[in-house]
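First comes the structure, then the notes that go with it.
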Amino acid sequence: PVIRREDYKPYPWIVSETHLDFDLGLDATRVVSKLTVARNAKADPADTMRLNGDGLELLSVKVDGEVVNNWRMDGDDLILPLSSDAHEVEIATEIDPSANTQLMGLYASGGMLCTQCEAEGFRRITFFPDRPDVLSVYTVKMRGSAEQFPVMLCNGNEVATGEEEGERWAEWHDPWPKPSYLFALVAGDLVSNRGTFTTMNGREVELNIWVREEDLPRTDHALESLRKSMKWDEETFGREYDLDLFNIVAVSDFNMGAMENKGLNVFNTKYVLADQETATDADYDAIEGVIAHEYFHNWSGNRITCRDWFQLSLKEGFTVLRDQLFSQDMQGEAVKRIEDVRILRAAQFPEDSGPLAHPIRPDSYREISNFYTATIYNKGAEVIRMMRTMAGPEKFREGTDLYFDRHDGEAATCEDFVSAIEDGAGLDLKQFRLWYSQAGTPRVTVAQEVVGDGLKLTLSQEVPATPGQSEKKPVPIPLRLAVHSRANGATGPEQLAVLTEAEQTFEYPLAGPDPVVSINRGFSAPVRIKRDVSQDDLAFLAASDDDPFARYEALQELAVGHLVAVASGDRSDADRAAGEDALAKALGAILTDDALDDAMRGELMTLPSESYLFEQMDRPDPARIHEAREGLKATLGTTLASEFHALYDRCEAVPFDGEGARGARKVKTQVLTYAAASDPAKAAELAAHQYDKADNMTDRQGALMVLCGLECPERTARLLDFYNRYKGNALVIDKWFTLQALSLHPQAIEHVKALAKHDDFTLRNPNRVRSLYMAFAGNPQAFHAADGEGYRMLADLILELDPINPQTAARFVPSLGKWRKIEEGRAEKMRGELERIAKAGNLSRDIYEQVARSLEG
Ligand code: ARG
Ligand code: ZN
């Protein structure tokens with residue numbers, strides 16, 4: 001069935017209290033739930049109560065202490081007649097956590113028990129109104145083997161514990177009313193890295209990072225990240241933590257990154273565990289960002305939750321923005337912004353232009369798990385960031401203060417958020433609300449003309465049609481811009497142009513002759529910019545724009561223009577040489593610019609990805625994109641060989657924790673990737689050397705990545721060394737799978753097939769599945785093999801994984817959904833695989849929805 005936003009109705013019952021009693025066992029857990037319910041005066045009256053369930057064995061139902069048999073089932077839901085205004089409902093169920101391979105609800109992972117309830121997992125634990133607008137105060141008692149479950153955790157505070165005859169019990173109480181998706185329970189043999197944090201009003205909070213004993217030495221960074229997040233949220237958003245205890249548990253079997261359950265966050269180990277030997281600089285940053293994200297949800301998500309799942313971006317878009325701003329402050333604004341834009345373009349733009357396009361506040365869905373998307377999360381964050389840009393940070397803060405104040409304790413809507421920002425920040429967001437209802441990435445065309453001593457800028461916009469939305473209206477697009485002069489090198493002041501019409505003109509003073517426009521600075525709006533701009537102007541911006549993002553963007557634009565032309569086959573040899581020349585000059589200037597720090601240099605050195613180039617073209621052949629990009633790398637590597645080597649030598653001399661060491665490590669591996677294209681023998685030697693003398697995972701992984709793409713003896717030896725060195729460390733073995741699946745090696749597809757049969761490969765662990773197959777789907781050369789073998793492999797995976805873990809399986813469908821955008825031969829093969837999946841019997845709702853939409857769109 002299709003669920004529609006317009007059908008929302010408040011739940012007819014208020015569940016003021018929920019008492020849960022767990023008899024814990026890995027193979028059988030009994031759950032008794034006691035609900036205190038009363039009629040909801042604000043809803044249409046009902047004489048029944050609908051309790052959602054999923055895969056539960058029902059043992060008994062009592063109303064007001066008496067066993068009743070007048071209930072019935074409606075599909076998976078239990079319908080219970082209730083005659084009076086207030087009742088006590090008691091339901092007993094039994095579940096088998098070790099048979100729960102979907103990893104939703106209560107499941108077993110490496111001998112421990114843990115939960116994942118968002119979005120609809122609680123119904124796999126007990127019958128309940130499993131919807132985010134039913135808030136209840138939870139008291140939980142659990143008991144089980146003291147040997148198996150020496151640690152028992154739940155939301156809120158521990159009230160009492162005890163142990164008799166090998167059986168342990170614990171009682172927990174969470175004073176904050178919450179929806180069922182924020183419930184969590186963990187029981188197992190865990191140890192904690194304990195710390196404290198004193199809040200702005202002097203509340204002492206105990207912090208714990210719970211892991212298996214052997215992982216304890218890798219938890220300091222997570223704990224430190226948590227402290228920084230708590231401090232930052234007080235300083236930047238005025239948000240203080242509201243319990244005496246904050247627990248984080250790391251679990252190795254987990255569908256997503258992490259989960260913000262009240263007072264008991266559950267994390268994928270990937271976003272907790274780190275040390276110098278096993279985690280890269282990027283891993284450290286990702287951990288800091290995800291810890292912050294989940295912590296920030298305590299206000300944006302938990303204290304104020306969502307009325308229904310169509311409002312998901314209310315908590316996710318806002319929380320992503322909050323974690324991005326935090327990471328900008330911790331890690332450096334320019335580089336973090338470039339990374340976030342790269343993610344948006346790689347993951348969200350394709351979504352917005354493909355068959356699965358949806359607005360940040362969707363109108364309908366079949367399976368909500370399919371809507372935990374880059375659109376809801378990352379575009380959602382961009383939309384709120386635009387409000388912040390238009391209001392300015394101080395006014396925006398007044399808006400968020402009003403939002404937190406006005407809706408604390410409620411299940412709110414996106415509309416509530418926009419109104420609060422409107423009132424608190426003093427913005428008029430009437431037209432801006434279209435960003436919530438329209439899908440598709442707007443295209444902005446820029447034309448400029450000198451008129452007297454001013455520049456006339458004509459901006460026009462178009463929002464493309466998306467499935468189910470053929471007509472679009474113009475949206476407000478805030479563009480930070482400046483008008484520089486190429487002739488005298490002067491930079492103009494920054495302006496904010498808000499384009500609200502289909503076409504509009506703006507006028508700005510000139511900074512001197514030969515005006516060059518720097519536009520969408522800082523990526524102030526999530527749009528595509530189209531303009532005619534000369535290579536000289538782009539080279540000027542790349543070398544001297546005062547906005548670091550604009551420098552990056554100019555270099556990208558220069559490379560995209562060249563590569564798209566080469567890959568489409570409409571560059572003459574002379575034009576091609578001229579384009580390479582311009583890029584070599586621009587990149588050469590970056591390599592030797594002493595004023596740049598290496599972290600930024602590393603970003604500027606990164607060529608646009610093949611998938612980004614793919615997006616810029618009309619039904620391209622991915623093989624030609626690959627050839628064009630590798631060809632350019634080879635040329636640049638040769639032309640700039642001495643600059644690259646000088647840079648490598650300088651960076652190599654920086655010690656692990658020396659000044660600018662992280663940037664130096666990034667640059668080193670970048671240099672190796674150019675060398676791999678231009679001088680493979682030399683690259684193999686350099687990479688093997690970097691691998692052998694590495695004292696950290698960033699250098700080692702970077703070197704192995706480069707070696708993986710080369711046909712050389714160093715490759716085999718280092719891959720074997722890496723495996724043996726880290727055998728038994730699941731997160732690092734994941735890297736070992738990923739590096740091979742992502743590699744530029746011509747036989748990568750054969751390697752993936754062999755790895756799928758490796759003893760360490762399993763479909764039961766989402767991290768391992770993703771480490772092989774997400775990497776493979778992101779390796780254009782392998783995945784888009786002209787004979788369609790890559791598509792067949794992915795379809796096979798989807799069919800095999802669906803009965804085990806539909807949520808994770810569904811994540812692979814979008815890769816096949818690109819069929820309408822690729823050249824005809826491959827399009828036919830991709831569509832064929834989608835149809836093969838569609839024809840298979842017994843598909844999950846997750847796969848059914850994604851495949852149907854991919855074929856229709
Ligand atoms: N709320 C979590 C986060 O933003 C994501 C959990 C999603 N879980 C799911 N099963 N879809 O970090
Ligand atoms: Zn989130």
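All residue names refer to the structure tokens as shown: chains lettered A, B, ... in order, residues numbered from 1 in each chain, ligands numbered from 1 in order.
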
Contacts of chain A with ligand 1 up to 10 Å, shortest pair per row, only C-alpha atoms and all ligand atoms, as JSON lines:
{"residue": "A:Gln102", "atom": "CA", "partner": "ligand 1", "partner_atom_place_in_ligand_line": "10 (N)", "distance": 9.7}
{"residue": "A:Leu103", "atom": "CA", "partner": "ligand 1", "partner_atom_place_in_ligand_line": "10 (N)", "distance": 8.5}
{"residue": "A:Met104", "atom": "CA", "partner": "ligand 1", "partner_atom_place_in_ligand_line": "10 (N)", "distance": 6.9}
{"residue": "A:Gly105", "atom": "CA", "partner": "ligand 1", "partner_atom_place_in_ligand_line": "10 (N)", "distance": 9.6}
{"residue": "A:Gln116", "atom": "CA", "partner": "ligand 1", "partner_atom_place_in_ligand_line": "10 (N)", "distance": 6.9}
{"residue": "A:Cys117", "atom": "CA", "partner": "ligand 1", "partner_atom_place_in_ligand_line": "10 (N)", "distance": 7.0}
{"residue": "A:Glu118", "atom": "CA", "partner": "ligand 1", "partner_atom_place_in_ligand_line": "8 (N)", "distance": 4.9}
{"residue": "A:Ala119", "atom": "CA", "partner": "ligand 1", "partner_atom_place_in_ligand_line": "10 (N)", "distance": 5.6}
{"residue": "A:Glu120", "atom": "CA", "partner": "ligand 1", "partner_atom_place_in_ligand_line": "10 (N)", "distance": 7.7}
{"residue": "A:Gly121", "atom": "CA", "partner": "ligand 1", "partner_atom_place_in_ligand_line": "10 (N)", "distance": 7.7}
{"residue": "A:Tyr181", "atom": "CA", "partner": "ligand 1", "partner_atom_place_in_ligand_line": "1 (N)", "distance": 9.1}
{"residue": "A:Leu182", "atom": "CA", "partner": "ligand 1", "partner_atom_place_in_ligand_line": "1 (N)", "distance": 9.0}
{"residue": "A:Phe254", "atom": "CA", "partner": "ligand 1", "partner_atom_place_in_ligand_line": "10 (N)", "distance": 9.0}
{"residue": "A:Asn255", "atom": "CA", "partner": "ligand 1", "partner_atom_place_in_ligand_line": "10 (N)", "distance": 6.5}
{"residue": "A:Met256", "atom": "CA", "partner": "ligand 1", "partner_atom_place_in_ligand_line": "8 (N)", "distance": 5.9}
{"residue": "A:Gly257", "atom": "CA", "partner": "ligand 1", "partner_atom_place_in_ligand_line": "12 (O)", "distance": 6.0}
{"residue": "A:Ala258", "atom": "CA", "partner": "ligand 1", "partner_atom_place_in_ligand_line": "12 (O)", "distance": 4.8}
{"residue": "A:Met259", "atom": "CA", "partner": "ligand 1", "partner_atom_place_in_ligand_line": "2 (C)", "distance": 4.5}
{"residue": "A:Glu260", "atom": "CA", "partner": "ligand 1", "partner_atom_place_in_ligand_line": "1 (N)", "distance": 6.0}
{"residue": "A:Asn261", "atom": "CA", "partner": "ligand 1", "partner_atom_place_in_ligand_line": "1 (N)", "distance": 8.4}
{"residue": "A:Asn265", "atom": "CA", "partner": "ligand 1", "partner_atom_place_in_ligand_line": "12 (O)", "distance": 9.5}
{"residue": "A:Val266", "atom": "CA", "partner": "ligand 1", "partner_atom_place_in_ligand_line": "12 (O)", "distance": 9.5}
{"residue": "A:Phe267", "atom": "CA", "partner": "ligand 1", "partner_atom_place_in_ligand_line": "12 (O)", "distance": 8.8}
{"residue": "A:Val290", "atom": "CA", "partner": "ligand 1", "partner_atom_place_in_ligand_line": "12 (O)", "distance": 7.4}
{"residue": "A:Ile291", "atom": "CA", "partner": "ligand 1", "partner_atom_place_in_ligand_line": "12 (O)", "distance": 9.3}
{"residue": "A:His293", "atom": "CA", "partner": "ligand 1", "partner_atom_place_in_ligand_line": "12 (O)", "distance": 6.9}
{"residue": "A:Glu294", "atom": "CA", "partner": "ligand 1", "partner_atom_place_in_ligand_line": "12 (O)", "distance": 5.9}
{"residue": "A:Tyr295", "atom": "CA", "partner": "ligand 1", "partner_atom_place_in_ligand_line": "12 (O)", "distance": 9.7}
{"residue": "A:His297", "atom": "CA", "partner": "ligand 1", "partner_atom_place_in_ligand_line": "4 (O)", "distance": 8.1}
{"residue": "A:Gly301", "atom": "CA", "partner": "ligand 1", "partner_atom_place_in_ligand_line": "1 (N)", "distance": 8.4}
{"residue": "A:Leu312", "atom": "CA", "partner": "ligand 1", "partner_atom_place_in_ligand_line": "1 (N)", "distance": 9.0}
{"residue": "A:Ser313", "atom": "CA", "partner": "ligand 1", "partner_atom_place_in_ligand_line": "4 (O)", "distance": 9.8}
{"residue": "A:Lys315", "atom": "CA", "partner": "ligand 1", "partner_atom_place_in_ligand_line": "4 (O)", "distance": 8.2}
{"residue": "A:Glu316", "atom": "CA", "partner": "ligand 1", "partner_atom_place_in_ligand_line": "4 (O)", "distance": 5.9}
{"residue": "A:Gly317", "atom": "CA", "partner": "ligand 1", "partner_atom_place_in_ligand_line": "4 (O)", "distance": 9.2}
{"residue": "A:Thr319", "atom": "CA", "partner": "ligand 1", "partner_atom_place_in_ligand_line": "4 (O)", "distance": 8.0}
{"residue": "A:Val320", "atom": "CA", "partner": "ligand 1", "partner_atom_place_in_ligand_line": "4 (O)", "distance": 8.2}
{"residue": "A:Glu367", "atom": "CA", "partner": "ligand 1", "partner_atom_place_in_ligand_line": "11 (N)", "distance": 10.0}
{"residue": "A:Ile368", "atom": "CA", "partner": "ligand 1", "partner_atom_place_in_ligand_line": "11 (N)", "distance": 7.5}
{"residue": "A:Ser369", "atom": "CA", "partner": "ligand 1", "partner_atom_place_in_ligand_line": "11 (N)", "distance": 4.6}
{"residue": "A:Asn370", "atom": "CA", "partner": "ligand 1", "partner_atom_place_in_ligand_line": "11 (N)", "distance": 7.5}
{"residue": "A:Phe371", "atom": "CA", "partner": "ligand 1", "partner_atom_place_in_ligand_line": "11 (N)", "distance": 7.8}
{"residue": "A:Tyr372", "atom": "CA", "partner": "ligand 1", "partner_atom_place_in_ligand_line": "11 (N)", "distance": 5.7}
{"residue": "A:Thr373", "atom": "CA", "partner": "ligand 1", "partner_atom_place_in_ligand_line": "11 (N)", "distance": 9.2}
{"residue": "A:Tyr377", "atom": "CA", "partner": "ligand 1", "partner_atom_place_in_ligand_line": "4 (O)", "distance": 8.0}
{"residue": "A:Gln807", "atom": "CA", "partner": "ligand 1", "partner_atom_place_in_ligand_line": "10 (N)", "distance": 7.3}
{"residue": "A:Thr808", "atom": "CA", "partner": "ligand 1", "partner_atom_place_in_ligand_line": "10 (N)", "distance": 9.2}

Restricting it to C-alpha atoms, dump the selection as a CSV table (one decimal), in the first residue's frame.
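What follows is the written file again.csv:
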chain,number,residue,atom,x,y,z
A,102,GLN,CA,17.2,-7.7,9.0
A,103,LEU,CA,18.8,-6.0,12.0
A,104,MET,CA,15.6,-4.1,12.8
A,105,GLY,CA,14.0,-4.5,16.2
A,116,GLN,CA,17.4,-0.6,16.1
A,117,CYS,CA,13.9,0.9,16.1
A,118,GLU,CA,14.0,3.8,13.6
A,119,ALA,CA,11.9,3.9,11.6
A,120,GLU,CA,9.6,1.0,12.2
A,121,GLY,CA,11.6,-1.5,14.2
A,181,TYR,CA,11.6,4.8,17.4
A,182,LEU,CA,13.9,6.2,20.0
A,254,PHE,CA,24.4,-2.3,11.8
A,255,ASN,CA,22.4,-1.2,8.8
A,256,MET,CA,23.2,2.5,8.9
A,257,GLY,CA,25.9,4.7,10.5
A,258,ALA,CA,24.4,5.2,13.9
A,259,MET,CA,21.2,5.9,15.9
A,260,GLU,CA,20.2,8.7,18.2
A,261,ASN,CA,18.1,6.7,20.8
A,265,ASN,CA,23.1,6.0,21.0
A,266,VAL,CA,23.9,2.8,19.1
A,267,PHE,CA,26.7,3.1,16.6
A,290,VAL,CA,28.7,11.2,13.2
A,291,ILE,CA,29.2,11.4,17.0
A,293,HIS,CA,25.3,14.2,14.5
A,294,GLU,CA,23.7,11.7,16.9
A,295,TYR,CA,24.4,13.9,19.9
A,297,HIS,CA,19.7,14.9,17.6
A,301,GLY,CA,15.0,15.0,16.8
A,312,LEU,CA,12.0,13.2,8.3
A,313,SER,CA,14.0,16.1,6.9
A,315,LYS,CA,15.2,16.3,12.1
A,316,GLU,CA,17.7,15.0,9.5
A,317,GLY,CA,18.2,18.0,7.3
A,319,THR,CA,20.9,17.9,12.2
A,320,VAL,CA,23.1,17.4,9.1
A,367,GLU,CA,8.6,1.7,2.6
A,368,ILE,CA,10.0,4.5,4.7
A,369,SER,CA,13.5,2.9,5.0
A,370,ASN,CA,13.9,3.9,1.3
A,371,PHE,CA,13.6,7.5,2.2
A,372,TYR,CA,16.8,7.8,4.3
A,373,THR,CA,18.3,9.5,1.3
A,377,TYR,CA,19.6,14.4,4.7
A,807,GLN,CA,17.0,-2.6,3.9
A,808,THR,CA,20.6,-3.0,3.0

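Every protein, DNA or RNA residue with an atom at most 9 Å from Phe644 of chain A, where only C-alpha atoms count and chain neighbours fewer than 4 positions away do not, is listed here: Gly588, Leu591, Gly637, Leu640, Tyr648, Asp649, Val671, Leu672, Tyr674 and Ala675 of chain A.
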
Requested write-out: N, CA and C atoms of the selected residues, as a PDB file, in the first residue's frame:
ATOM      1  N   GLY A 588      49.561  23.591 -12.090  1.00  0.00           N
ATOM      2  CA  GLY A 588      50.955  23.916 -11.738  1.00  0.00           C
ATOM      3  C   GLY A 588      51.010  25.053 -10.722  1.00  0.00           C
ATOM      4  N   LEU A 591      50.101  23.680  -7.360  1.00  0.00           N
ATOM      5  CA  LEU A 591      51.137  22.834  -6.765  1.00  0.00           C
ATOM      6  C   LEU A 591      52.249  23.669  -6.128  1.00  0.00           C
ATOM      7  N   GLY A 637      50.435  14.425 -15.147  1.00  0.00           N
ATOM      8  CA  GLY A 637      51.519  13.791 -14.394  1.00  0.00           C
ATOM      9  C   GLY A 637      52.858  13.951 -15.089  1.00  0.00           C
ATOM     10  N   LEU A 640      53.833  17.943 -15.304  1.00  0.00           N
ATOM     11  CA  LEU A 640      54.169  18.561 -14.019  1.00  0.00           C
ATOM     12  C   LEU A 640      55.022  17.638 -13.144  1.00  0.00           C
ATOM     13  N   TYR A 648      55.983  16.053  -3.325  1.00  0.00           N
ATOM     14  CA  TYR A 648      55.978  14.785  -2.583  1.00  0.00           C
ATOM     15  C   TYR A 648      57.121  14.764  -1.567  1.00  0.00           C
ATOM     16  N   ASP A 649      58.285  15.165  -2.020  1.00  0.00           N
ATOM     17  CA  ASP A 649      59.450  15.135  -1.123  1.00  0.00           C
ATOM     18  C   ASP A 649      59.256  16.059   0.073  1.00  0.00           C
ATOM     19  N   VAL A 671      49.491  12.883  -5.260  1.00  0.00           N
ATOM     20  CA  VAL A 671      50.621  12.847  -6.196  1.00  0.00           C
ATOM     21  C   VAL A 671      50.770  11.432  -6.766  1.00  0.00           C
ATOM     22  N   LEU A 672      50.641  10.435  -5.894  1.00  0.00           N
ATOM     23  CA  LEU A 672      50.779   9.050  -6.363  1.00  0.00           C
ATOM     24  C   LEU A 672      49.732   8.702  -7.424  1.00  0.00           C
ATOM     25  N   TYR A 674      48.446  10.651  -9.680  1.00  0.00           N
ATOM     26  CA  TYR A 674      48.882  11.196 -10.980  1.00  0.00           C
ATOM     27  C   TYR A 674      50.043  10.375 -11.527  1.00  0.00           C
ATOM     28  N   ALA A 675      50.959  10.016 -10.651  1.00  0.00           N
ATOM     29  CA  ALA A 675      52.109   9.219 -11.094  1.00  0.00           C
ATOM     30  C   ALA A 675      51.647   7.870 -11.649  1.00  0.00           C
TER      31      ALA A 675
END

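Distances here use only C-alpha atoms; by that measure, the residue among A:Arg619, A:His745, A:Arg361, A:Arg601 closest to Ala567 of chain A is A:Arg619.
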
> Leaving out Ser16 of chain A and any residue of its chain fewer than 2 positions from it, which residues lie within 8 Å of it when counting only C-alpha atoms, given as number ranges by chain?
Replying inline: A: 14, 18, 35-38, 135-137

Residue contacts of segment 490-496 of chain A (9 Å, only C-alpha atoms) excluding same-chain residues fewer than 6 positions away, as a PDB file with C-alpha atoms, in the first residue's frame:
ATOM      1  CA  THR A 389      22.662  32.561   4.464  1.00  0.00           C
ATOM      2  CA  MET A 390      19.690  34.830   3.820  1.00  0.00           C
ATOM      3  CA  PRO A 478      20.466  32.965  -2.710  1.00  0.00           C
ATOM      4  CA  LEU A 479      23.727  33.417  -4.600  1.00  0.00           C
ATOM      5  CA  ARG A 480      26.777  34.871  -2.929  1.00  0.00           C
ATOM      6  CA  LEU A 481      28.794  36.564  -5.671  1.00  0.00           C
ATOM      7  CA  ALA A 482      31.566  39.056  -6.370  1.00  0.00           C
ATOM      8  CA  VAL A 483      32.759  40.892  -9.471  1.00  0.00           C
ATOM      9  CA  HIS A 484      36.552  40.805  -9.848  1.00  0.00           C
ATOM     10  CA  TYR A 508      27.041  45.688  -9.586  1.00  0.00           C
ATOM     11  CA  PRO A 509      29.931  48.156  -9.746  1.00  0.00           C
ATOM     12  CA  LEU A 510      33.067  47.055 -11.593  1.00  0.00           C
ATOM     13  CA  ALA A 511      36.307  46.428  -9.736  1.00  0.00           C
ATOM     14  CA  GLY A 512      38.236  47.236 -12.921  1.00  0.00           C
ATOM     15  CA  ARG A 521      30.547  31.344  -3.569  1.00  0.00           C
ATOM     16  CA  SER A 544      43.232  34.236  -7.116  1.00  0.00           C
ATOM     17  CA  ASP A 545      39.600  34.207  -6.020  1.00  0.00           C
ATOM     18  CA  ASP A 546      39.328  35.300  -2.385  1.00  0.00           C
TER      19      ASP A 546
END

>> Between atom CA of Arg218 of chain A and atom CA of Gln276 of chain A, what distance in Å does the model show, to one decimal?
In response: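 Atom CA of Gln276 of chain A lies at a distance of 9.2 Å from atom CA of Arg218 of chain A.
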
>> Could you tell me how far atom CA of Tyr791 of chain A sits from atom CA of Lys829 of chain A, in Å to one decimal place?
In response: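 Taking atom CA of Lys829 of chain A and atom CA of Tyr791 of chain A, their separation equals 7.4 Å.
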
Mind running segment 687-747 of chain A against segment 758-764 of chain A at 10 Å and telling me each contacting residue's nearest atom pair with the distance in Å (one decimal), counting only C-alpha atoms, chain and number ascending, as CSV?
residue,atom,partner,partner_atom,distance
A:Lys727,CA,A:Asp760,CA,9.6
A:Gly728,CA,A:Asp760,CA,9.5
A:Ala730,CA,A:Asp760,CA,9.1
A:Ile733,CA,A:Asp760,CA,8.5
A:Asp734,CA,A:Phe761,CA,9.4
A:Phe737,CA,A:Phe761,CA,8.9

Using N, CA and C atoms, can you export the residues from the last selection as a PDB file, in the first residue's frame?
ATOM      1  N   LYS A 727      44.391  -9.119   9.915  1.00  0.00           N
ATOM      2  CA  LYS A 727      43.452 -10.225  10.010  1.00  0.00           C
ATOM      3  C   LYS A 727      42.745 -10.150  11.362  1.00  0.00           C
ATOM      4  N   GLY A 728      41.433 -10.282  11.368  1.00  0.00           N
ATOM      5  CA  GLY A 728      40.731 -10.246  12.649  1.00  0.00           C
ATOM      6  C   GLY A 728      40.240  -8.859  13.026  1.00  0.00           C
ATOM      7  N   ALA A 730      37.895  -6.391  11.788  1.00  0.00           N
ATOM      8  CA  ALA A 730      36.871  -6.349  10.733  1.00  0.00           C
ATOM      9  C   ALA A 730      36.875  -5.032   9.946  1.00  0.00           C
ATOM     10  N   ILE A 733      39.763  -5.034   7.543  1.00  0.00           N
ATOM     11  CA  ILE A 733      39.548  -6.004   6.460  1.00  0.00           C
ATOM     12  C   ILE A 733      38.470  -5.461   5.490  1.00  0.00           C
ATOM     13  N   ASP A 734      37.513  -4.704   6.013  1.00  0.00           N
ATOM     14  CA  ASP A 734      36.572  -4.017   5.113  1.00  0.00           C
ATOM     15  C   ASP A 734      37.330  -3.139   4.115  1.00  0.00           C
ATOM     16  N   PHE A 737      38.815  -5.194   1.329  1.00  0.00           N
ATOM     17  CA  PHE A 737      37.820  -5.520   0.291  1.00  0.00           C
ATOM     18  C   PHE A 737      37.569  -4.288  -0.593  1.00  0.00           C
TER      19      PHE A 737
END

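When DSSP is run on the backbone, the residues of segment 482-637 of chain A that fall into strand (DSSP E or B) are Ala482, Val483, His484, Ser485, Gln495, Leu496, Ala497, Val498, Leu499, Glu503, Gln504, Thr505, Phe506, Glu507, Tyr508, Pro509, Pro515, Val516, Val517, Ser518, Ile519, Arg528, Ile529, Lys530 and Arg531 of chain A.
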
> With distances taken over only C-alpha atoms, which of A:Val475, A:Leu739, A:Leu325, A:Val533 is nearest to Phe237 of chain A?
Replying inline: A:Leu325

Could you pull the residues within 9 Å of Tyr691 of chain A, counting only C-alpha atoms, minus those fewer than 3 positions along the same chain, as a compact mmCIF listing (two decimals) with C-alpha atoms, in the first residue's frame?
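out27.txt written:
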# COMPACT_ATOMS: atom_id res chain seq x y z
CA LEU A 686 56.95 5.17 -4.66
CA ALA A 687 53.71 3.61 -3.40
CA ALA A 688 55.46 0.46 -2.19
CA ALA A 694 53.98 4.06 6.85
CA ASP A 695 53.42 4.70 10.55
CA ASP A 699 49.62 6.67 4.26
CA ARG A 700 49.28 2.91 4.16
CA GLN A 701 45.79 2.86 2.73
CA GLY A 702 46.62 5.59 0.20
CA ALA A 703 49.64 3.67 -1.03
CA LEU A 704 47.73 0.41 -1.25
CA ARG A 718 51.36 -5.51 -0.20

> Near Asn201 of chain A, counting only C-alpha atoms, which residues have an atom at most 12 Å away, once you skip same-chain residues fewer than 3 positions from it, shown as an MDAnalysis selection string?
Replying inline: chainID A and resid 197:198 204:205 231 234 238:242

> When distances are computed from only C-alpha atoms, which of A:Asp594, A:Glu147, A:Glu685, A:Glu66 shows the smallest separation from Leu647 of chain A?
Replying inline: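 Smallest distance to Leu647 of chain A is found for A:Asp594.
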
> Pick the closest to Ala250 of chain A from A:Thr236, A:Asn298, A:Ser109, A:Gln438: which is it, counting only C-alpha atoms?
Replying inline: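 Ranking A:Thr236, A:Asn298, A:Ser109, A:Gln438 by distance to Ala250 of chain A, first place goes to A:Ser109.
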
> Which is closest to ligand 2 among A:Lys472, A:Arg826, A:Arg322, A:Lys9, if we use only C-alpha atoms and all ligand atoms?
Replying inline: A:Arg322
